[in-house]
Amino acid sequence: MKMKKTIVVLLIGLAVGWVTLGGTQVIMHSTSDTEFCLSCHTMQIPYEEYQGSIHFSNAKGIRAECSDCHIPSDPIGYVWTKIRASKDIYHEFVTGKIDDEEKYEEHRMEMAQMVWDQMKSNDSATCRSCHELDAMDTYEQSEDAIKMHDYGGANNLTCIDCHKGVAHFPPVAEMDSEAYDNLVSETENTPESAKHVYTVSSAEMGEFGRINPAVALEVLSASDTERQVLLQGYQMQGAEQVLYMGEGQRSIIASLTDAGQAGLKVGEYKEDEYGNKWRRAELTATISSPVLPSSESLWAYAEELDNVYCSACHAKIPATHFTVNAWGPVAKGMGERTDISELDLEILTKYFQNHAKDVAGSDH
């Protein structure tokens, strides 16, 4: 009788355990599929964004569902993610925190950052369940992609550091005008005695043309309203209407009129390894635009721009990663994906170019 009772108890325990564990597994699995996610009204916006991504439709016919990207497969990560997701149910049915598009956009950064932090903490585990560096066919990748994956591997970056907008629209990055206004206000303290100054916006040179933002100038003389400055750069044969930062370095520092070109003091042309001919050139001009006595505040402002408009979407890339000539098209291409102003993009580009790997350690 004791043996029978023991067997009955064991069978009942097994049954209860099977029902409990099995039922829990069924519930956990059922609440992880895309259909369940979409049962919440607030998931319609991210779902529509996801439908336009390569993870929804691609040439290979492979679709990554919501759970593939948002729920880690390891037991602890799986359970912890499900527990955290309970807040979504609470906000869906109780608070209505993101129940319309306006509210959703208001909280987009907060929600995105939470997901980015989670993926950063687990080394992008869900990404790596499908994508592994060792399995990538580099012959099928662009040259830039190869370089960035090598850079990421060498610098302990994880997938989400660079692929933040891969399935959903990233938060719109914007920087208010206060930082630039503060920069301009600093120019009011630039002394007349300053021997070197930096432009914070385009500086007109009268009939000679225009100097670009973030350009270093030598001051020859100054008054309350004007400065006579010496602009030094390089001219390339065939593109005499502009001055470049250095020989072979296609960073434009000024645009010249015919009068400006006629007023240049120039050296002899020398041919570079690519067959282009360059010569040193300088121009004495008068400007009245605001200037700073050093580049410190200007580059600090540029770093803020980098943090807002660049690092919000991918890992921060050091200026020394590219050359002067490479930074121009890279910054322009990335800038087109943001709302950065033309002036801010020019300042940011000049920051990268003045700290590029082929000028690092120089006096730029």
# chains A, B, ... in the order shown; residues from 1 in each chain; ligands from 1
>>> residues_around(residues="Gln44 (chain A)", least_positions_apart="5", cutoff="12 Å", atoms="only C-alpha atoms", output="count of residues only")
15
>>> residues_around(residues="Glu296 (chain A)", least_positions_apart="2", cutoff="12 Å", atoms="only C-alpha atoms", output="list in words")
Leu183, Glu186, Val197, Tyr198, Val200, Ala214, Leu292, Pro293, Ser294, Leu298, Trp299, Ala300, Tyr301, Ala302, Glu303, Tyr351 and His364 of chain A
>>> residues_around(residues="Gly233 (chain A)", least_positions_apart="3", cutoff="7 Å", atoms="only C-alpha atoms", output="PyMOL selection string")
chain A and resi 243-246+280-282
>>> closest_residue(among="A:Ala239, A:Pro191, A:Trp327, A:Ser201", to="Ser221 (chain A)", atoms="only C-alpha atoms")
A:Pro191
>>> residues_around(residues="Leu264 (chain A)", least_positions_apart="3", cutoff="12 Å", atoms="only C-alpha atoms", output="PyMOL selection string")
chain A and resi 208-209+230-235+240-243+256-261+267+279-285
>>> select_by_dssp(residues="region 112-355 of chain A", states="alpha helix (DSSP H)", output="ChimeraX atom specification")
/A:112-121,125-128,143-154,159-162,178-186,258-262,296-305,324-335,342-354
>>> residues_around(residues="Leu220 (chain A)", least_positions_apart="4", cutoff="8 Å", atoms="only C-alpha atoms", output="number ranges by chain")
A: 195, 227-230
>>> atom_distance(atom1="CA of Glu192 (chain A)", atom2="CA of Ser177 (chain A)")
26.9 Å
>>> residues_around(residues="Asp339 (chain A)", least_positions_apart="2", cutoff="10 Å", atoms="only C-alpha atoms", output="list in words")
Val172, Ala173, Glu174, Met175, Tyr309, Gly335, Glu336, Arg337, Ser341, Glu342 and Leu345 of chain A
